[in-house]
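Asks: You'll find structure_28.pdb just under this line, and it carries PDB, C-alpha atoms.
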```pdb
MODEL        1
ATOM      1  CA  MET A   1      23.455 -26.406  -8.792
ATOM      2  CA  ASN A   2      20.301 -28.233  -7.697
ATOM      3  CA  ILE A   3      17.623 -25.549  -7.254
ATOM      4  CA  LEU A   4      14.051 -26.067  -6.117
ATOM      5  CA  VAL A   5      11.492 -23.560  -7.413
ATOM      6  CA  THR A   6       8.025 -23.710  -5.882
ATOM      7  CA  GLY A   7       5.334 -22.010  -7.920
ATOM      8  CA  SER A   8       7.548 -22.957 -10.847
ATOM      9  CA  ASP A   9       4.830 -22.726 -13.495
ATOM     10  CA  GLY A  10       3.397 -19.403 -12.314
ATOM     11  CA  TYR A  11       3.572 -15.855 -13.665
ATOM     12  CA  ILE A  12       7.111 -15.284 -12.345
ATOM     13  CA  GLY A  13       8.288 -18.854 -11.874
ATOM     14  CA  ASN A  14       8.063 -20.203 -15.412
ATOM     15  CA  GLY A  15      10.413 -17.596 -16.849
ATOM     16  CA  LEU A  16      12.813 -18.048 -13.941
ATOM     17  CA  VAL A  17      12.907 -21.799 -14.541
ATOM     18  CA  ARG A  18      13.812 -21.215 -18.189
ATOM     19  CA  LYS A  19      16.658 -18.891 -17.226
ATOM     20  CA  LEU A  20      17.977 -21.310 -14.596
ATOM     21  CA  LEU A  21      17.969 -24.139 -17.144
ATOM     22  CA  ALA A  22      19.800 -21.903 -19.626
ATOM     23  CA  GLU A  23      22.497 -21.307 -17.009
ATOM     24  CA  GLY A  24      22.986 -25.051 -16.587
ATOM     25  CA  HIS A  25      21.269 -25.599 -13.248
ATOM     26  CA  THR A  26      19.243 -28.689 -12.402
ATOM     27  CA  VAL A  27      15.801 -27.304 -11.630
ATOM     28  CA  HIS A  28      13.355 -29.138  -9.388
ATOM     29  CA  CYS A  29       9.832 -27.814  -9.921
ATOM     30  CA  VAL A  30       6.819 -27.968  -7.622
ATOM     31  CA  ASP A  31       3.527 -26.536  -8.879
ATOM     32  CA  LYS A  32      -0.107 -27.643  -9.084
ATOM     33  CA  LYS A  33      -0.163 -26.395 -12.686
ATOM     34  CA  ILE A  34      -3.594 -24.803 -12.241
ATOM     35  CA  PHE A  35      -2.921 -22.073 -14.813
ATOM     36  CA  TYR A  36      -0.050 -23.346 -16.942
ATOM     37  CA  ASN A  37       2.249 -26.316 -17.495
ATOM     38  CA  LEU A  38       5.907 -25.900 -18.451
ATOM     39  CA  GLU A  39       6.161 -29.310 -20.125
ATOM     40  CA  SER A  40       3.048 -28.661 -22.219
ATOM     41  CA  ASP A  41       4.823 -25.559 -23.513
ATOM     42  CA  GLY A  42       7.857 -27.575 -24.619
ATOM     43  CA  VAL A  43      10.147 -27.109 -21.598
ATOM     44  CA  SER A  44      12.149 -30.255 -20.866
ATOM     45  CA  GLY A  45      14.861 -31.324 -18.461
ATOM     46  CA  ILE A  46      13.157 -30.299 -15.221
ATOM     47  CA  VAL A  47      12.674 -32.573 -12.203
ATOM     48  CA  ARG A  48       9.190 -32.950 -10.662
ATOM     49  CA  PRO A  49       9.503 -34.334  -7.114
ATOM     50  CA  CYS A  50       5.765 -33.679  -6.548
ATOM     51  CA  ASP A  51       3.001 -31.281  -7.554
ATOM     52  CA  ASP A  52       2.131 -29.781  -4.162
ATOM     53  CA  ILE A  53       4.528 -28.130  -1.699
ATOM     54  CA  LYS A  54       2.851 -29.867   1.236
ATOM     55  CA  ASP A  55       3.896 -33.237  -0.216
ATOM     56  CA  ILE A  56       7.620 -32.639  -0.675
ATOM     57  CA  THR A  57       9.717 -34.817   1.648
ATOM     58  CA  VAL A  58      12.985 -34.390   3.498
ATOM     59  CA  GLU A  59      14.545 -37.034   1.262
ATOM     60  CA  GLN A  60      13.529 -35.142  -1.873
ATOM     61  CA  LEU A  61      15.100 -32.000  -0.439
ATOM     62  CA  ARG A  62      18.497 -33.546   0.416
ATOM     63  CA  PRO A  63      20.129 -32.807  -2.973
ATOM     64  CA  ILE A  64      18.775 -29.235  -3.075
ATOM     65  CA  GLN A  65      21.262 -26.383  -2.612
ATOM     66  CA  HIS A  66      18.877 -23.431  -2.927
ATOM     67  CA  ILE A  67      15.097 -23.117  -2.565
ATOM     68  CA  ILE A  68      13.244 -20.281  -4.314
ATOM     69  CA  HIS A  69       9.828 -20.307  -2.654
ATOM     70  CA  LEU A  70       7.339 -18.519  -4.914
ATOM     71  CA  ALA A  71       4.264 -20.722  -4.398
ATOM     72  CA  ALA A  72       1.336 -18.867  -2.828
ATOM     73  CA  ILE A  73      -2.257 -17.855  -3.231
ATOM     74  CA  SER A  74      -1.402 -14.441  -4.634
ATOM     75  CA  ASN A  75      -3.129 -11.062  -4.412
ATOM     76  CA  ASP A  76      -6.049  -9.931  -2.272
ATOM     77  CA  PRO A  77      -9.063 -11.030  -4.366
ATOM     78  CA  ALA A  78      -7.660 -14.525  -4.983
ATOM     79  CA  ALA A  79      -6.815 -14.960  -1.301
ATOM     80  CA  GLU A  80     -10.363 -14.023  -0.306
ATOM     81  CA  LEU A  81     -11.884 -16.847  -2.366
ATOM     82  CA  ASP A  82     -10.867 -19.410   0.240
ATOM     83  CA  ALA A  83      -9.311 -17.947   3.389
ATOM     84  CA  ARG A  84      -8.500 -21.368   4.865
ATOM     85  CA  LEU A  85      -6.648 -22.486   1.739
ATOM     86  CA  THR A  86      -4.780 -19.161   1.655
ATOM     87  CA  TRP A  87      -3.534 -19.553   5.223
ATOM     88  CA  GLU A  88      -2.652 -23.204   4.711
ATOM     89  CA  THR A  89      -0.752 -22.534   1.483
ATOM     90  CA  ASN A  90       0.957 -19.278   2.391
ATOM     91  CA  VAL A  91       1.748 -20.005   6.033
ATOM     92  CA  LEU A  92       1.388 -23.645   7.105
ATOM     93  CA  TYR A  93       3.025 -25.118   4.013
ATOM     94  CA  THR A  94       5.805 -22.528   4.197
ATOM     95  CA  LEU A  95       6.473 -23.648   7.776
ATOM     96  CA  GLN A  96       6.568 -27.280   6.667
ATOM     97  CA  LEU A  97       8.908 -26.491   3.779
ATOM     98  CA  ILE A  98      11.464 -24.538   5.822
ATOM     99  CA  ASP A  99      11.403 -27.145   8.581
ATOM    100  CA  ARG A 100      12.017 -29.980   6.137
ATOM    101  CA  ALA A 101      14.686 -27.927   4.339
ATOM    102  CA  VAL A 102      16.612 -27.494   7.590
ATOM    103  CA  LYS A 103      16.334 -31.211   8.351
ATOM    104  CA  ALA A 104      17.594 -31.992   4.844
ATOM    105  CA  GLY A 105      20.579 -29.657   5.211
ATOM    106  CA  VAL A 106      19.569 -27.217   2.450
ATOM    107  CA  PRO A 107      21.981 -24.256   2.783
ATOM    108  CA  GLN A 108      19.868 -21.405   1.314
ATOM    109  CA  PHE A 109      16.171 -20.456   1.294
ATOM    110  CA  THR A 110      14.797 -17.444  -0.618
ATOM    111  CA  PHE A 111      11.200 -16.384  -0.004
ATOM    112  CA  ALA A 112       8.915 -14.193  -2.097
ATOM    113  CA  SER A 113       6.940 -12.087   0.362
ATOM    114  CA  SER A 114       5.141  -8.887  -0.698
ATOM    115  CA  GLY A 115       5.640  -5.143  -0.461
ATOM    116  CA  SER A 116       2.002  -4.947   0.619
ATOM    117  CA  VAL A 117       2.880  -6.187   4.127
ATOM    118  CA  TYR A 118       3.548  -2.563   5.145
ATOM    119  CA  GLY A 119      -0.105  -1.563   4.777
ATOM    120  CA  LEU A 120      -0.886   2.160   4.605
ATOM    121  CA  LYS A 121       2.228   4.316   4.940
ATOM    122  CA  ASP A 122       2.634   8.084   4.697
ATOM    123  CA  GLU A 123       6.427   7.950   4.583
ATOM    124  CA  ASP A 124       8.126   8.814   1.298
ATOM    125  CA  ARG A 125      10.736   6.144   2.013
ATOM    126  CA  VAL A 126       9.156   2.881   3.095
ATOM    127  CA  THR A 127      12.176   0.944   4.299
ATOM    128  CA  GLU A 128      12.488  -2.597   5.581
ATOM    129  CA  ASP A 129      12.682  -1.375   9.190
ATOM    130  CA  LEU A 130       9.202   0.162   9.290
ATOM    131  CA  GLU A 131       6.386  -1.534  11.173
ATOM    132  CA  LEU A 132       4.293  -4.024   9.233
ATOM    133  CA  VAL A 133       0.554  -3.302   9.327
ATOM    134  CA  PRO A 134      -0.998  -5.739   6.815
ATOM    135  CA  LEU A 135      -4.633  -5.101   5.910
ATOM    136  CA  THR A 136      -5.877  -8.249   4.161
ATOM    137  CA  ASP A 137      -5.628 -12.023   4.513
ATOM    138  CA  TYR A 138      -3.050 -12.081   1.723
ATOM    139  CA  ASN A 139      -0.880  -9.391   3.363
ATOM    140  CA  LYS A 140      -1.272 -10.961   6.810
ATOM    141  CA  SER A 141      -0.396 -14.436   5.574
ATOM    142  CA  LYS A 142       2.804 -13.121   3.986
ATOM    143  CA  MET A 143       3.784 -11.338   7.207
ATOM    144  CA  CYS A 144       3.170 -14.471   9.274
ATOM    145  CA  ALA A 145       5.210 -16.551   6.839
ATOM    146  CA  GLU A 146       8.068 -14.062   7.202
ATOM    147  CA  ARG A 147       7.943 -14.340  10.992
ATOM    148  CA  ILE A 148       8.090 -18.129  10.802
ATOM    149  CA  LEU A 149      11.023 -18.091   8.386
ATOM    150  CA  LEU A 150      12.962 -15.610  10.507
ATOM    151  CA  SER A 151      12.784 -18.033  13.437
ATOM    152  CA  TYR A 152      14.958 -20.404  11.346
ATOM    153  CA  ARG A 153      17.585 -17.862  10.269
ATOM    154  CA  ASP A 154      20.233 -19.309  12.574
ATOM    155  CA  LYS A 155      19.808 -22.710  10.915
ATOM    156  CA  ILE A 156      19.722 -21.816   7.209
ATOM    157  CA  GLY A 157      20.764 -18.983   4.907
ATOM    158  CA  LEU A 158      17.666 -16.846   4.505
ATOM    159  CA  THR A 159      16.643 -14.132   2.066
ATOM    160  CA  ILE A 160      13.204 -12.509   2.189
ATOM    161  CA  ILE A 161      12.186 -10.368  -0.782
ATOM    162  CA  ARG A 162       9.295  -7.891  -0.533
ATOM    163  CA  PRO A 163       8.559  -7.205  -4.205
ATOM    164  CA  ALA A 164       6.545  -4.397  -5.690
ATOM    165  CA  THR A 165       3.852  -5.337  -8.190
ATOM    166  CA  VAL A 166       5.499  -7.197 -11.046
ATOM    167  CA  CYS A 167       4.715  -6.145 -14.613
ATOM    168  CA  GLY A 168       5.489  -7.469 -18.041
ATOM    169  CA  ILE A 169       5.183 -10.504 -20.271
ATOM    170  CA  SER A 170       5.100 -14.138 -19.172
ATOM    171  CA  ALA A 171       4.158 -17.438 -20.799
ATOM    172  CA  ARG A 172       1.642 -17.696 -17.931
ATOM    173  CA  GLN A 173       0.379 -14.175 -18.493
ATOM    174  CA  ARG A 174      -1.496 -12.217 -15.829
ATOM    175  CA  LEU A 175      -3.671  -9.292 -16.851
ATOM    176  CA  ASP A 176      -4.979  -8.651 -13.338
ATOM    177  CA  VAL A 177      -2.015  -6.652 -12.035
ATOM    178  CA  VAL A 178      -2.063  -2.900 -12.409
ATOM    179  CA  VAL A 179       0.374  -2.153 -15.258
ATOM    180  CA  ASN A 180      -0.756  -5.153 -17.298
ATOM    181  CA  ILE A 181      -4.476  -4.601 -16.790
ATOM    182  CA  LEU A 182      -4.374  -0.884 -17.620
ATOM    183  CA  THR A 183      -2.306  -1.575 -20.725
ATOM    184  CA  SER A 184      -4.633  -4.311 -21.961
ATOM    185  CA  GLN A 185      -7.623  -2.079 -21.195
ATOM    186  CA  ALA A 186      -6.083   0.728 -23.246
ATOM    187  CA  LEU A 187      -5.441  -1.586 -26.178
ATOM    188  CA  LYS A 188      -8.889  -3.210 -26.173
ATOM    189  CA  ASN A 189     -11.077  -0.212 -25.357
ATOM    190  CA  LYS A 190      -8.910   2.712 -26.501
ATOM    191  CA  THR A 191      -9.559   4.225 -23.064
ATOM    192  CA  ILE A 192      -8.010   3.912 -19.616
ATOM    193  CA  LYS A 193     -10.400   4.060 -16.676
ATOM    194  CA  LEU A 194      -8.504   5.846 -13.931
ATOM    195  CA  PHE A 195      -9.991   5.789 -10.440
ATOM    196  CA  GLY A 196      -8.504   8.752  -8.598
ATOM    197  CA  GLY A 197      -4.937   9.076  -9.757
ATOM    198  CA  ASP A 198      -2.860  10.369  -6.863
ATOM    199  CA  GLN A 199      -2.369   6.956  -5.274
ATOM    200  CA  VAL A 200       1.237   5.756  -5.483
ATOM    201  CA  ARG A 201       2.134   2.189  -6.404
ATOM    202  CA  PRO A 202       5.601   0.612  -6.649
ATOM    203  CA  HIS A 203       6.480  -1.536  -9.665
ATOM    204  CA  ILE A 204       9.186  -3.932 -10.820
ATOM    205  CA  HIS A 205       9.739  -5.344 -14.302
ATOM    206  CA  MET A 206       9.501  -9.128 -14.684
ATOM    207  CA  SER A 207      13.062  -9.380 -16.030
ATOM    208  CA  ASP A 208      14.424  -7.522 -12.990
ATOM    209  CA  MET A 209      12.518  -9.910 -10.737
ATOM    210  CA  HIS A 210      14.187 -12.831 -12.489
ATOM    211  CA  GLY A 211      17.522 -11.040 -12.395
ATOM    212  CA  LEU A 212      17.265 -10.559  -8.650
ATOM    213  CA  TYR A 213      16.692 -14.250  -7.987
ATOM    214  CA  LEU A 214      19.607 -15.140 -10.246
ATOM    215  CA  ALA A 215      21.817 -12.647  -8.367
ATOM    216  CA  ILE A 216      20.853 -14.200  -5.024
ATOM    217  CA  ILE A 217      21.671 -17.671  -6.328
ATOM    218  CA  LYS A 218      25.104 -16.521  -7.521
ATOM    219  CA  ASN A 219      26.000 -14.630  -4.343
ATOM    220  CA  PRO A 220      23.627 -15.543  -1.484
ATOM    221  CA  LYS A 221      25.892 -14.118   1.222
ATOM    222  CA  ALA A 222      25.359 -10.600  -0.160
ATOM    223  CA  TYR A 223      21.598 -10.921   0.190
ATOM    224  CA  GLN A 224      20.995 -12.310   3.657
ATOM    225  CA  GLY A 225      18.025 -10.669   5.373
ATOM    226  CA  ILE A 226      14.977  -8.721   4.185
ATOM    227  CA  PHE A 227      14.963  -6.611   1.022
ATOM    228  CA  ASN A 228      12.383  -4.436  -0.683
ATOM    229  CA  ALA A 229      12.341  -4.833  -4.475
ATOM    230  CA  GLY A 230      10.617  -2.013  -6.307
ATOM    231  CA  PHE A 231      12.315   0.671  -8.359
ATOM    232  CA  GLU A 232       9.530   2.823  -9.798
ATOM    233  CA  ASN A 233       7.047   4.461  -7.432
ATOM    234  CA  LEU A 234       4.468   6.011  -9.753
ATOM    235  CA  THR A 235       1.154   7.687  -9.121
ATOM    236  CA  ASN A 236      -1.668   6.003 -10.983
ATOM    237  CA  LYS A 237      -1.981   9.197 -13.022
ATOM    238  CA  GLU A 238       1.691   8.998 -14.034
ATOM    239  CA  LEU A 239       1.208   5.352 -14.974
ATOM    240  CA  ALA A 240      -1.919   6.111 -17.019
ATOM    241  CA  ASN A 241      -0.119   8.901 -18.869
ATOM    242  CA  LEU A 242       2.784   6.578 -19.648
ATOM    243  CA  ILE A 243       0.408   3.916 -21.016
ATOM    244  CA  ALA A 244      -1.606   6.492 -22.979
ATOM    245  CA  LYS A 245       1.564   7.739 -24.642
ATOM    246  CA  SER A 246       2.461   4.215 -25.733
ATOM    247  CA  THR A 247      -1.012   3.089 -26.826
ATOM    248  CA  GLY A 248      -2.744   6.291 -27.900
ATOM    249  CA  ALA A 249      -5.639   5.595 -25.516
ATOM    250  CA  ALA A 250      -7.682   8.324 -23.858
ATOM    251  CA  ILE A 251      -7.800   8.628 -20.065
ATOM    252  CA  VAL A 252     -11.178   8.771 -18.316
ATOM    253  CA  THR A 253     -10.809   9.822 -14.679
ATOM    254  CA  THR A 254     -13.391   9.137 -11.964
ATOM    255  CA  THR A 255     -13.297   9.588  -8.204
ATOM    256  CA  SER A 256     -12.107   6.785  -5.954
ATOM    257  CA  ASN A 257     -12.552   5.881  -2.314
ATOM    258  CA  ASP A 258      -9.286   3.961  -2.418
ATOM    259  CA  ASN A 259      -6.577   6.369  -1.334
ATOM    260  CA  ARG A 260      -4.038   3.705  -0.398
ATOM    261  CA  SER A 261      -0.462   4.479  -1.390
ATOM    262  CA  TYR A 262       2.584   2.216  -1.262
ATOM    263  CA  ARG A 263       6.102   3.564  -1.764
ATOM    264  CA  LEU A 264       9.007   1.163  -1.548
ATOM    265  CA  CYS A 265      12.572   2.233  -0.857
ATOM    266  CA  SER A 266      14.969  -0.372  -2.242
ATOM    267  CA  ASP A 267      18.242   1.258  -1.233
ATOM    268  CA  ARG A 268      19.237  -1.814   0.800
ATOM    269  CA  LEU A 269      18.974  -3.982  -2.305
ATOM    270  CA  LEU A 270      20.974  -1.521  -4.357
ATOM    271  CA  ALA A 271      23.643  -1.430  -1.649
ATOM    272  CA  ALA A 272      23.898  -5.218  -1.840
ATOM    273  CA  GLY A 273      24.946  -4.852  -5.463
ATOM    274  CA  PHE A 274      21.768  -5.421  -7.439
ATOM    275  CA  VAL A 275      21.273  -3.098 -10.414
ATOM    276  CA  PRO A 276      17.831  -2.985 -12.100
ATOM    277  CA  GLN A 277      17.955  -2.833 -15.878
ATOM    278  CA  HIS A 278      14.328  -2.595 -16.974
ATOM    279  CA  SER A 279      11.380  -0.217 -16.624
ATOM    280  CA  VAL A 280       7.606   0.004 -16.498
ATOM    281  CA  ASP A 281       7.700   1.743 -19.867
ATOM    282  CA  GLU A 282       9.479  -1.283 -21.310
ATOM    283  CA  ALA A 283       6.816  -3.599 -19.864
ATOM    284  CA  VAL A 284       4.041  -1.494 -21.407
ATOM    285  CA  ASN A 285       5.743  -1.612 -24.799
ATOM    286  CA  ASP A 286       6.261  -5.393 -24.539
ATOM    287  CA  ILE A 287       2.581  -5.969 -23.727
ATOM    288  CA  THR A 288       1.501  -3.603 -26.510
ATOM    289  CA  ASN A 289       3.652  -5.384 -29.079
ATOM    290  CA  ALA A 290       2.482  -8.827 -27.909
ATOM    291  CA  PHE A 291      -1.166  -7.823 -28.277
ATOM    292  CA  LYS A 292      -0.558  -6.358 -31.717
ATOM    293  CA  ASN A 293       1.340  -9.399 -33.055
ATOM    294  CA  GLY A 294      -1.220 -11.818 -31.605
ATOM    295  CA  SER A 295       1.106 -13.611 -29.190
ATOM    296  CA  LEU A 296      -0.854 -12.314 -26.185
ATOM    297  CA  LYS A 297      -4.596 -12.724 -25.814
ATOM    298  CA  ASP A 298      -6.928 -11.784 -22.977
ATOM    299  CA  GLY A 299      -8.410 -15.153 -21.987
ATOM    300  CA  PRO A 300      -9.962 -16.313 -18.693
ATOM    301  CA  GLU A 301      -6.676 -17.879 -17.603
ATOM    302  CA  THR A 302      -5.100 -14.407 -17.445
ATOM    303  CA  GLN A 303      -7.527 -13.426 -14.682
ATOM    304  CA  SER A 304      -6.535 -15.286 -11.515
ATOM    305  CA  VAL A 305      -9.822 -14.893  -9.634
ATOM    306  CA  GLN A 306     -12.029 -15.980 -12.538
ATOM    307  CA  TRP A 307      -9.830 -18.973 -13.270
ATOM    308  CA  LEU A 308      -9.620 -20.027  -9.617
ATOM    309  CA  LYS A 309     -13.391 -19.732  -9.213
ATOM    310  CA  SER A 310     -13.759 -22.186 -12.071
ATOM    311  CA  TYR A 311     -11.068 -24.439 -10.567
ATOM    312  CA  TYR A 312     -12.704 -24.386  -7.142
ATOM    313  CA  GLY A 313     -16.151 -24.880  -8.664
ATOM    314  CA  LYS A 314     -17.457 -21.582  -7.255
TER
ENDMDL
END
```
Before anything else, please render the file you have as structure tokens.
Replies:
Amino acid sequence: MNILVTGSDGYIGNGLVRKLLAEGHTVHCVDKKIFYNLESDGVSGIVRPCDDIKDITVEQLRPIQHIIHLAAISNDPAAELDARLTWETNVLYTLQLIDRAVKAGVPQFTFASSGSVYGLKDEDRVTEDLELVPLTDYNKSKMCAERILLSYRDKIGLTIIRPATVCGISARQRLDVVVNILTSQALKNKTIKLFGGDQVRPHIHMSDMHGLYLAIIKNPKAYQGIFNAGFENLTNKELANLIAKSTGAAIVTTTSNDNRSYRLCSDRLLAAGFVPQHSVDEAVNDITNAFKNGSLKDGPETQSVQWLKSYYGK
């Protein structure tokens, strides 16, 4: 199958591309390669129609049978660096891509939204039917992109995934997402700084994120619509205790003004047939082992905001 992956060289995308290649797919990759380059890491056999999603043409999309749209300015701090670029990338270029995909006759489009589009919720079961109340430019841009994509659902097969925070190892490693950053902090400093602790955050292991996209590719009809993807809703205190057990680090707790909690219910995804196979604990152990064997280092490229500031010249 001819599959287009945008954001192909990113934290999630580069591992997905490898798995798609291993399954025999022809993978078309679009990425600015700001953080990482698949070819420089020895990956061969991919097709590069262009480096920027805004530049991909209808003609280049004609052979594509499935688009996995991961490309975005991701997370709140990175999105705040350049609000105009965030809205252009996350919304305008998504509109252009879906419009061109429909004109090219692409049958299936899968979009990576975010579980953060719900905003603050008191419900124990945050389902896909609840009102979206995004709080930041990043959240709002993802919600607007969803709305645009849904207007095309009668013209193309459409899957929208609202993932929890992804954790685990990647060739383009990020250490600025909660599980990864707390684990690296524990390993470097032998302490975990815990602000508050009662806030709930949903998580999903990197391999389950990849597995979900592979499942959608194999059986897209089972996954039409909007799906939450997060299987472990943990308080920050529970997460810190889990990391401390694995690393031997001490926990230092301070007060926090951030009482935001996010709880994702992914029953709809489970009902569609997807079965998660990995855990936060596994991600913590993978990161711990990678640090200890020297395969993972905490460099500036693992911190999205710092790296983007350098890239933007800010």
Asks: Box for region 134-143 of chain A: with edges along x, y and z, all listed atoms inside and 6 Å added on each side, what are the centre and edge lengths in Å to one decimal, as lines of an AutoDock Vina configuration file?
Replies:
```
center_x = -1.0
center_y = -9.8
center_z = 4.5
size_x = 21.7
size_y = 21.3
size_z = 17.5
```
Asks: Write out as a ChimeraX atom specification which residues come within 12 Å of Asp154 (chain A) when counting all atoms listed in the file, dropping same-chain ones fewer than 3 positions away.
Replies: /A:102,107-108,149-151,157-158,224-225
Asks: Write the residues of the selection above to a file with C-alpha atoms, as a short mmCIF file (atom, residue, chain, number, x, y, z; two decimals), keeping the file's coordinate frame.
Replies:
```cif
data_model
loop_
_atom_site.label_atom_id
_atom_site.label_comp_id
_atom_site.auth_asym_id
_atom_site.auth_seq_id
_atom_site.Cartn_x
_atom_site.Cartn_y
_atom_site.Cartn_z
CA VAL A 102 16.61 -27.49 7.59
CA PRO A 107 21.98 -24.26 2.78
CA GLN A 108 19.87 -21.40 1.31
CA LEU A 149 11.02 -18.09 8.39
CA LEU A 150 12.96 -15.61 10.51
CA SER A 151 12.78 -18.03 13.44
CA GLY A 157 20.76 -18.98 4.91
CA LEU A 158 17.67 -16.85 4.50
CA GLN A 224 21.00 -12.31 3.66
CA GLY A 225 18.02 -10.67 5.37
#
```
Asks: Using the chain letters and numbers from the file, give me the residues hit by the PyMOL selection byres ((chain A and resi 255) around 8), as a list in words.
Replies: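 Evaluating the PyMOL selection byres ((chain A and resi 255) around 8) on this file yields Phe195, Gly196, Thr253, Thr254, Ser256 and Asn257 of chain A.
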Asks: What residues come out when you apply the PyMOL selection byres ((chain A and resi 296-313) around 12) to this file, written as a count of residues only?
Replies: 46
Asks: Just want the 12 Å neighbourhood of Asn219 (chain A), counted on only C-alpha atoms, with same-chain residues fewer than 3 positions away dropped. Output as a PyMOL selection string.
Replies: chain A and resi 66+108+157+159+212-216+222-224+272-274
Asks: Smallest atom-to-atom distance to Lys19 (chain A): which of A:Ala250, A:Ala229, A:Val43, A:Trp87, using all atoms listed in the file?
Replies: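 That would be A:Val43, the residue with the smallest distance to Lys19 (chain A).
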Asks: Output the residue selection produced by the PyMOL selection byres ((chain A and resi 54) around 9) on the file above, formatted as a CSV table (one decimal) with C-alpha atoms, in the frame of the given file.
Replies:
```csv
chain,number,residue,atom,x,y,z
A,51,ASP,CA,3.0,-31.3,-7.6
A,52,ASP,CA,2.1,-29.8,-4.2
A,53,ILE,CA,4.5,-28.1,-1.7
A,55,ASP,CA,3.9,-33.2,-0.2
A,56,ILE,CA,7.6,-32.6,-0.7
A,57,THR,CA,9.7,-34.8,1.6
A,89,THR,CA,-0.8,-22.5,1.5
A,92,LEU,CA,1.4,-23.6,7.1
A,93,TYR,CA,3.0,-25.1,4.0
A,94,THR,CA,5.8,-22.5,4.2
A,96,GLN,CA,6.6,-27.3,6.7
A,97,LEU,CA,8.9,-26.5,3.8
```
